[in-house]
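K.L.:
So here's run_3.pdb, just PDB, N, CA and C atoms, pLDDT in the B column:
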```pdb
ATOM      1  N   MET A   1     109.440  77.958 109.001  1.00 84.00           N
ATOM      2  CA  MET A   1     109.405  78.123 107.564  1.00 84.00           C
ATOM      3  C   MET A   1     109.287  79.605 107.267  1.00 84.00           C
ATOM      4  N   GLY A   2     110.167  80.092 106.412  1.00 86.00           N
ATOM      5  CA  GLY A   2     110.145  81.498 106.034  1.00 86.00           C
ATOM      6  C   GLY A   2     109.803  81.674 104.564  1.00 86.00           C
ATOM      7  N   PHE A   3     109.793  82.922 104.147  1.00 83.00           N
ATOM      8  CA  PHE A   3     109.449  83.245 102.773  1.00 83.00           C
ATOM      9  C   PHE A   3     110.343  84.378 102.304  1.00 83.00           C
ATOM     10  N   ASP A   4     110.762  84.346 101.063  1.00 85.00           N
ATOM     11  CA  ASP A   4     111.603  85.354 100.410  1.00 85.00           C
ATOM     12  C   ASP A   4     113.093  85.182 100.680  1.00 85.00           C
ATOM     13  N   ASP A   5     113.502  84.195 101.445  1.00 85.00           N
ATOM     14  CA  ASP A   5     114.910  83.924 101.741  1.00 85.00           C
ATOM     15  C   ASP A   5     115.648  85.180 102.198  1.00 85.00           C
ATOM     16  N   GLN A   6     115.062  85.857 103.164  1.00 86.00           N
ATOM     17  CA  GLN A   6     115.695  87.040 103.734  1.00 86.00           C
ATOM     18  C   GLN A   6     116.989  86.641 104.446  1.00 86.00           C
ATOM     19  N   PRO A   7     118.009  87.503 104.446  1.00 84.00           N
ATOM     20  CA  PRO A   7     119.290  87.174 105.088  1.00 84.00           C
ATOM     21  C   PRO A   7     119.155  86.748 106.552  1.00 84.00           C
ATOM     22  N   ILE A   8     118.184  87.288 107.261  1.00 85.00           N
ATOM     23  CA  ILE A   8     117.996  86.938 108.670  1.00 85.00           C
ATOM     24  C   ILE A   8     117.721  85.447 108.851  1.00 85.00           C
ATOM     25  N   ALA A   9     117.176  84.790 107.824  1.00 87.00           N
ATOM     26  CA  ALA A   9     116.835  83.365 107.918  1.00 87.00           C
ATOM     27  C   ALA A   9     118.058  82.498 108.172  1.00 87.00           C
ATOM     28  N   SER A  10     119.221  82.925 107.691  1.00 86.00           N
ATOM     29  CA  SER A  10     120.435  82.134 107.912  1.00 86.00           C
ATOM     30  C   SER A  10     121.215  82.606 109.140  1.00 86.00           C
ATOM     31  N   LEU A  11     120.735  83.649 109.810  1.00 85.00           N
ATOM     32  CA  LEU A  11     121.422  84.172 110.993  1.00 85.00           C
ATOM     33  C   LEU A  11     120.782  83.722 112.302  1.00 85.00           C
ATOM     34  N   THR A  12     119.611  83.089 112.217  1.00 87.00           N
ATOM     35  CA  THR A  12     118.916  82.634 113.418  1.00 87.00           C
ATOM     36  C   THR A  12     119.397  81.241 113.809  1.00 87.00           C
ATOM     37  N   TYR A  13     119.029  80.805 114.999  1.00 89.00           N
ATOM     38  CA  TYR A  13     119.312  79.437 115.405  1.00 89.00           C
ATOM     39  C   TYR A  13     118.007  78.791 115.836  1.00 89.00           C
ATOM     40  N   PRO A  14     117.615  77.712 115.213  1.00 92.00           N
ATOM     41  CA  PRO A  14     118.254  77.127 114.029  1.00 92.00           C
ATOM     42  C   PRO A  14     118.006  77.991 112.793  1.00 92.00           C
ATOM     43  N   GLU A  15     118.863  77.810 111.790  1.00 91.00           N
ATOM     44  CA  GLU A  15     118.659  78.542 110.537  1.00 91.00           C
ATOM     45  C   GLU A  15     117.314  78.135 109.949  1.00 91.00           C
ATOM     46  N   ILE A  16     116.584  79.104 109.404  1.00 92.00           N
ATOM     47  CA  ILE A  16     115.206  78.879 108.968  1.00 92.00           C
ATOM     48  C   ILE A  16     115.140  78.437 107.507  1.00 92.00           C
ATOM     49  N   THR A  17     114.408  77.347 107.276  1.00 94.00           N
ATOM     50  CA  THR A  17     114.102  76.908 105.922  1.00 94.00           C
ATOM     51  C   THR A  17     113.182  77.945 105.300  1.00 94.00           C
ATOM     52  N   THR A  18     113.377  78.239 104.031  1.00 94.00           N
ATOM     53  CA  THR A  18     112.612  79.317 103.405  1.00 94.00           C
ATOM     54  C   THR A  18     112.372  79.044 101.924  1.00 94.00           C
ATOM     55  N   ILE A  19     111.519  79.831 101.343  1.00 94.00           N
ATOM     56  CA  ILE A  19     111.226  79.775  99.913  1.00 94.00           C
ATOM     57  C   ILE A  19     111.861  80.995  99.260  1.00 94.00           C
ATOM     58  N   ARG A  20     112.603  80.777  98.194  1.00 94.00           N
ATOM     59  CA  ARG A  20     113.217  81.884  97.451  1.00 94.00           C
ATOM     60  C   ARG A  20     112.407  82.133  96.181  1.00 94.00           C
ATOM     61  N   GLN A  21     112.022  83.380  95.976  1.00 94.00           N
ATOM     62  CA  GLN A  21     111.295  83.775  94.769  1.00 94.00           C
ATOM     63  C   GLN A  21     112.264  84.399  93.763  1.00 94.00           C
ATOM     64  N   PRO A  22     111.962  84.288  92.468  1.00 95.00           N
ATOM     65  CA  PRO A  22     112.814  84.897  91.439  1.00 95.00           C
ATOM     66  C   PRO A  22     112.524  86.402  91.316  1.00 95.00           C
ATOM     67  N   ILE A  23     112.997  87.190  92.272  1.00 94.00           N
ATOM     68  CA  ILE A  23     112.654  88.611  92.370  1.00 94.00           C
ATOM     69  C   ILE A  23     113.023  89.386  91.105  1.00 94.00           C
ATOM     70  N   GLU A  24     114.230  89.169  90.579  1.00 95.00           N
ATOM     71  CA  GLU A  24     114.645  89.904  89.375  1.00 95.00           C
ATOM     72  C   GLU A  24     113.751  89.566  88.188  1.00 95.00           C
ATOM     73  N   GLU A  25     113.436  88.289  88.031  1.00 96.00           N
ATOM     74  CA  GLU A  25     112.557  87.864  86.937  1.00 96.00           C
ATOM     75  C   GLU A  25     111.155  88.449  87.120  1.00 96.00           C
ATOM     76  N   MET A  26     110.681  88.497  88.353  1.00 95.00           N
ATOM     77  CA  MET A  26     109.363  89.076  88.628  1.00 95.00           C
ATOM     78  C   MET A  26     109.329  90.550  88.240  1.00 95.00           C
ATOM     79  N   GLY A  27     110.384  91.275  88.573  1.00 96.00           N
ATOM     80  CA  GLY A  27     110.455  92.695  88.229  1.00 96.00           C
ATOM     81  C   GLY A  27     110.500  92.923  86.736  1.00 96.00           C
ATOM     82  N   ALA A  28     111.310  92.115  86.041  1.00 96.00           N
ATOM     83  CA  ALA A  28     111.421  92.247  84.587  1.00 96.00           C
ATOM     84  C   ALA A  28     110.088  91.953  83.909  1.00 96.00           C
ATOM     85  N   LEU A  29     109.407  90.899  84.352  1.00 94.00           N
ATOM     86  CA  LEU A  29     108.111  90.552  83.762  1.00 94.00           C
ATOM     87  C   LEU A  29     107.048  91.600  84.085  1.00 94.00           C
ATOM     88  N   ALA A  30     107.094  92.163  85.282  1.00 94.00           N
ATOM     89  CA  ALA A  30     106.134  93.211  85.642  1.00 94.00           C
ATOM     90  C   ALA A  30     106.324  94.429  84.742  1.00 94.00           C
ATOM     91  N   THR A  31     107.576  94.804  84.509  1.00 95.00           N
ATOM     92  CA  THR A  31     107.874  95.943  83.634  1.00 95.00           C
ATOM     93  C   THR A  31     107.409  95.668  82.212  1.00 95.00           C
ATOM     94  N   LYS A  32     107.724  94.480  81.715  1.00 94.00           N
ATOM     95  CA  LYS A  32     107.325  94.099  80.356  1.00 94.00           C
ATOM     96  C   LYS A  32     105.796  94.099  80.222  1.00 94.00           C
ATOM     97  N   THR A  33     105.109  93.576  81.233  1.00 93.00           N
ATOM     98  CA  THR A  33     103.646  93.530  81.212  1.00 93.00           C
ATOM     99  C   THR A  33     103.051  94.933  81.247  1.00 93.00           C
ATOM    100  N   LEU A  34     103.617  95.809  82.063  1.00 94.00           N
ATOM    101  CA  LEU A  34     103.132  97.185  82.151  1.00 94.00           C
ATOM    102  C   LEU A  34     103.305  97.919  80.824  1.00 94.00           C
ATOM    103  N   ILE A  35     104.476  97.787  80.219  1.00 96.00           N
ATOM    104  CA  ILE A  35     104.727  98.435  78.923  1.00 96.00           C
ATOM    105  C   ILE A  35     103.768  97.896  77.873  1.00 96.00           C
ATOM    106  N   SER A  36     103.564  96.590  77.861  1.00 95.00           N
ATOM    107  CA  SER A  36     102.643  95.976  76.911  1.00 95.00           C
ATOM    108  C   SER A  36     101.224  96.511  77.101  1.00 95.00           C
ATOM    109  N   SER A  37     100.821  96.676  78.344  1.00 94.00           N
ATOM    110  CA  SER A  37      99.492  97.213  78.643  1.00 94.00           C
ATOM    111  C   SER A  37      99.361  98.664  78.179  1.00 94.00           C
ATOM    112  N   ILE A  38     100.386  99.467  78.427  1.00 96.00           N
ATOM    113  CA  ILE A  38     100.383 100.867  77.989  1.00 96.00           C
ATOM    114  C   ILE A  38     100.278 100.955  76.473  1.00 96.00           C
ATOM    115  N   GLU A  39     100.897 100.001  75.775  1.00 97.00           N
ATOM    116  CA  GLU A  39     100.859  99.972  74.310  1.00 97.00           C
ATOM    117  C   GLU A  39      99.533  99.449  73.780  1.00 97.00           C
ATOM    118  N   GLY A  40      98.606  99.073  74.666  1.00 96.00           N
ATOM    119  CA  GLY A  40      97.275  98.649  74.250  1.00 96.00           C
ATOM    120  C   GLY A  40      97.117  97.166  73.992  1.00 96.00           C
ATOM    121  N   ASN A  41      98.100  96.364  74.341  1.00 94.00           N
ATOM    122  CA  ASN A  41      98.004  94.917  74.149  1.00 94.00           C
ATOM    123  C   ASN A  41      97.133  94.298  75.243  1.00 94.00           C
ATOM    124  N   PRO A  42      96.483  93.169  74.936  1.00 92.00           N
ATOM    125  CA  PRO A  42      95.643  92.522  75.948  1.00 92.00           C
ATOM    126  C   PRO A  42      96.498  92.012  77.108  1.00 92.00           C
ATOM    127  N   PRO A  43      95.926  91.971  78.305  1.00 85.00           N
ATOM    128  CA  PRO A  43      96.697  91.513  79.469  1.00 85.00           C
ATOM    129  C   PRO A  43      97.015  90.025  79.395  1.00 85.00           C
ATOM    130  N   ILE A  44      98.098  89.650  80.019  1.00 83.00           N
ATOM    131  CA  ILE A  44      98.466  88.239  80.143  1.00 83.00           C
ATOM    132  C   ILE A  44      97.560  87.638  81.217  1.00 83.00           C
ATOM    133  N   GLU A  45      96.996  86.479  80.932  1.00 84.00           N
ATOM    134  CA  GLU A  45      96.061  85.878  81.884  1.00 84.00           C
ATOM    135  C   GLU A  45      96.750  85.388  83.151  1.00 84.00           C
ATOM    136  N   MET A  46      97.873  84.664  83.001  1.00 88.00           N
ATOM    137  CA  MET A  46      98.542  84.127  84.177  1.00 88.00           C
ATOM    138  C   MET A  46     100.002  83.834  83.857  1.00 88.00           C
ATOM    139  N   LEU A  47     100.856  84.128  84.802  1.00 88.00           N
ATOM    140  CA  LEU A  47     102.265  83.773  84.706  1.00 88.00           C
ATOM    141  C   LEU A  47     102.609  82.921  85.918  1.00 88.00           C
ATOM    142  N   THR A  48     103.366  81.862  85.699  1.00 93.00           N
ATOM    143  CA  THR A  48     103.820  81.027  86.797  1.00 93.00           C
ATOM    144  C   THR A  48     105.338  81.002  86.778  1.00 93.00           C
ATOM    145  N   LEU A  49     105.934  81.386  87.881  1.00 95.00           N
ATOM    146  CA  LEU A  49     107.385  81.390  87.994  1.00 95.00           C
ATOM    147  C   LEU A  49     107.810  80.335  89.007  1.00 95.00           C
ATOM    148  N   LYS A  50     108.975  79.766  88.803  1.00 95.00           N
ATOM    149  CA  LYS A  50     109.477  78.742  89.711  1.00 95.00           C
ATOM    150  C   LYS A  50     110.064  79.384  90.961  1.00 95.00           C
ATOM    151  N   THR A  51     109.822  78.741  92.088  1.00 95.00           N
ATOM    152  CA  THR A  51     110.440  79.141  93.341  1.00 95.00           C
ATOM    153  C   THR A  51     111.457  78.073  93.725  1.00 95.00           C
ATOM    154  N   GLN A  52     112.248  78.366  94.734  1.00 95.00           N
ATOM    155  CA  GLN A  52     113.267  77.416  95.173  1.00 95.00           C
ATOM    156  C   GLN A  52     113.138  77.226  96.681  1.00 95.00           C
ATOM    157  N   LEU A  53     113.095  75.980  97.111  1.00 96.00           N
ATOM    158  CA  LEU A  53     113.051  75.662  98.532  1.00 96.00           C
ATOM    159  C   LEU A  53     114.479  75.633  99.060  1.00 96.00           C
ATOM    160  N   ILE A  54     114.772  76.475 100.045  1.00 94.00           N
ATOM    161  CA  ILE A  54     116.091  76.529 100.661  1.00 94.00           C
ATOM    162  C   ILE A  54     115.983  75.818 102.012  1.00 94.00           C
ATOM    163  N   ILE A  55     116.475  74.590 102.061  1.00 94.00           N
ATOM    164  CA  ILE A  55     116.355  73.781 103.274  1.00 94.00           C
ATOM    165  C   ILE A  55     117.518  74.089 104.212  1.00 94.00           C
ATOM    166  N   ARG A  56     117.148  74.485 105.426  1.00 94.00           N
ATOM    167  CA  ARG A  56     118.147  74.762 106.459  1.00 94.00           C
ATOM    168  C   ARG A  56     117.821  73.914 107.686  1.00 94.00           C
ATOM    169  N   ASP A  57     118.354  74.277 108.822  1.00 91.00           N
ATOM    170  CA  ASP A  57     118.258  73.445 110.031  1.00 91.00           C
ATOM    171  C   ASP A  57     116.874  73.362 110.666  1.00 91.00           C
ATOM    172  N   SER A  58     115.946  74.211 110.286  1.00 88.00           N
ATOM    173  CA  SER A  58     114.630  74.209 110.932  1.00 88.00           C
ATOM    174  C   SER A  58     113.715  73.092 110.435  1.00 88.00           C
ATOM    175  N   VAL A  59     114.169  72.335 109.470  1.00 83.00           N
ATOM    176  CA  VAL A  59     113.341  71.241 108.946  1.00 83.00           C
ATOM    177  C   VAL A  59     113.596  69.982 109.736  1.00 83.00           C
TER     178      VAL A  59
END
```
Could you quickly redo this structure as structure tokens?
P.N.:
Amino acid sequence: MGFDDQPIASLTYPEITTIRQPIEEMGALATKTLISSIEGNPPIEMLTLKTQLIIRDSV
């Protein structure tokens, strides 16, 4: 079982099942949160983003 769905996961034998995170969405939300904080707004308590299970041959 891998994490972040790195390209190497599909190049191994057997191909490794992994979790894919929404990296672009995480970056956008981090930027938005930082700007909001700089502007003096209260911090966001918690954000939950969906991940995706990429099932390959290692399962």
K.L.:
Tell me which protein, DNA and RNA residues are within 10 Å of A:Ser58, counting only C-alpha atoms, leaving out same-chain ones fewer than 5 positions away, and put them as a PyMOL selection string.
P.N.:
chain A and resi 1-2+9+12-18
K.L.:
Just the residues within 6.5 Å of A:Lys50, please, counting all atoms listed in the file, with nothing from its chain fewer than 4 positions along; format it as a PyMOL selection string.
P.N.:
chain A and resi 20-22
K.L.:
If you keep N, CA and C atoms, can you produce a file of those selected residues as an mmCIF file, in the frame of the given file?
P.N.:
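What landed in out-v7.cif:
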```cif
data_model
loop_
_atom_site.group_PDB
_atom_site.id
_atom_site.type_symbol
_atom_site.label_atom_id
_atom_site.label_comp_id
_atom_site.auth_asym_id
_atom_site.auth_seq_id
_atom_site.Cartn_x
_atom_site.Cartn_y
_atom_site.Cartn_z
ATOM 1 N N ARG A 20 112.603 80.777 98.194
ATOM 2 C CA ARG A 20 113.217 81.884 97.451
ATOM 3 C C ARG A 20 112.407 82.133 96.181
ATOM 4 N N GLN A 21 112.022 83.380 95.976
ATOM 5 C CA GLN A 21 111.295 83.775 94.769
ATOM 6 C C GLN A 21 112.264 84.399 93.763
ATOM 7 N N PRO A 22 111.962 84.288 92.468
ATOM 8 C CA PRO A 22 112.814 84.897 91.439
ATOM 9 C C PRO A 22 112.524 86.402 91.316
#
```
K.L.:
Report the residues of chain A whose backbone DSSP state falls under strand (DSSP E), written as a compact mmCIF listing (two decimals) with N, CA and C atoms, keeping the file's coordinate frame.
P.N.:
```txt
# COMPACT_ATOMS: atom_id res chain seq x y z
N GLY A 2 110.17 80.09 106.41
CA GLY A 2 110.14 81.50 106.03
C GLY A 2 109.80 81.67 104.56
N PHE A 3 109.79 82.92 104.15
CA PHE A 3 109.45 83.24 102.77
C PHE A 3 110.34 84.38 102.30
N THR A 18 113.38 78.24 104.03
CA THR A 18 112.61 79.32 103.40
C THR A 18 112.37 79.04 101.92
N ILE A 19 111.52 79.83 101.34
CA ILE A 19 111.23 79.78 99.91
C ILE A 19 111.86 81.00 99.26
N ARG A 20 112.60 80.78 98.19
CA ARG A 20 113.22 81.88 97.45
C ARG A 20 112.41 82.13 96.18
N GLN A 52 112.25 78.37 94.73
CA GLN A 52 113.27 77.42 95.17
C GLN A 52 113.14 77.23 96.68
N LEU A 53 113.10 75.98 97.11
CA LEU A 53 113.05 75.66 98.53
C LEU A 53 114.48 75.63 99.06
N ILE A 54 114.77 76.47 100.04
CA ILE A 54 116.09 76.53 100.66
C ILE A 54 115.98 75.82 102.01
```
K.L.:
For a test of reading the model, state the distance in Å between atom CA of A:Ile19 and atom CA of A:Ile35, rounded to one decimal.
P.N.:
28.8 Å
K.L.:
Rounded to one decimal in Å, what is the spacing between atom C of A:Leu11 and atom C of A:Thr51?
P.N.:
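Value for the atom C of A:Leu11-atom C of A:Thr51 distance: 21.5 Å.
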K.L.:
If you run DSSP over the backbone, which residues in chain A end up helix (DSSP H, G or I)? Put them as a list in words.
P.N.:
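Listing helix (DSSP H, G or I) positions across chain A yields Pro7, Ile8, Ala9, Ser10, Ile23, Glu24, Glu25, Met26, Gly27, Ala28, Leu29, Ala30, Thr31, Lys32, Thr33, Leu34, Ile35, Ser36, Ser37 and Ile38 of chain A.
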K.L.:
Just to confirm, what's the straight-line distance from atom CA of A:Gly27 to atom CA of A:Asn41 in Å (one decimal)?
P.N.:
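We find that atom CA of A:Gly27 and atom CA of A:Asn41 lie 18.9 Å from each other.
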K.L.:
Could you write out as lines of an AutoDock Vina configuration file the box around stretch 45-59 of chain A (axis-aligned, all atoms listed in the file, 3 Å on each side), with centre and edge lengths in Å to one decimal?
P.N.:
```
center_x = 107.2
center_y = 78.2
center_z = 95.9
size_x = 28.3
size_y = 22.5
size_z = 36.0
```
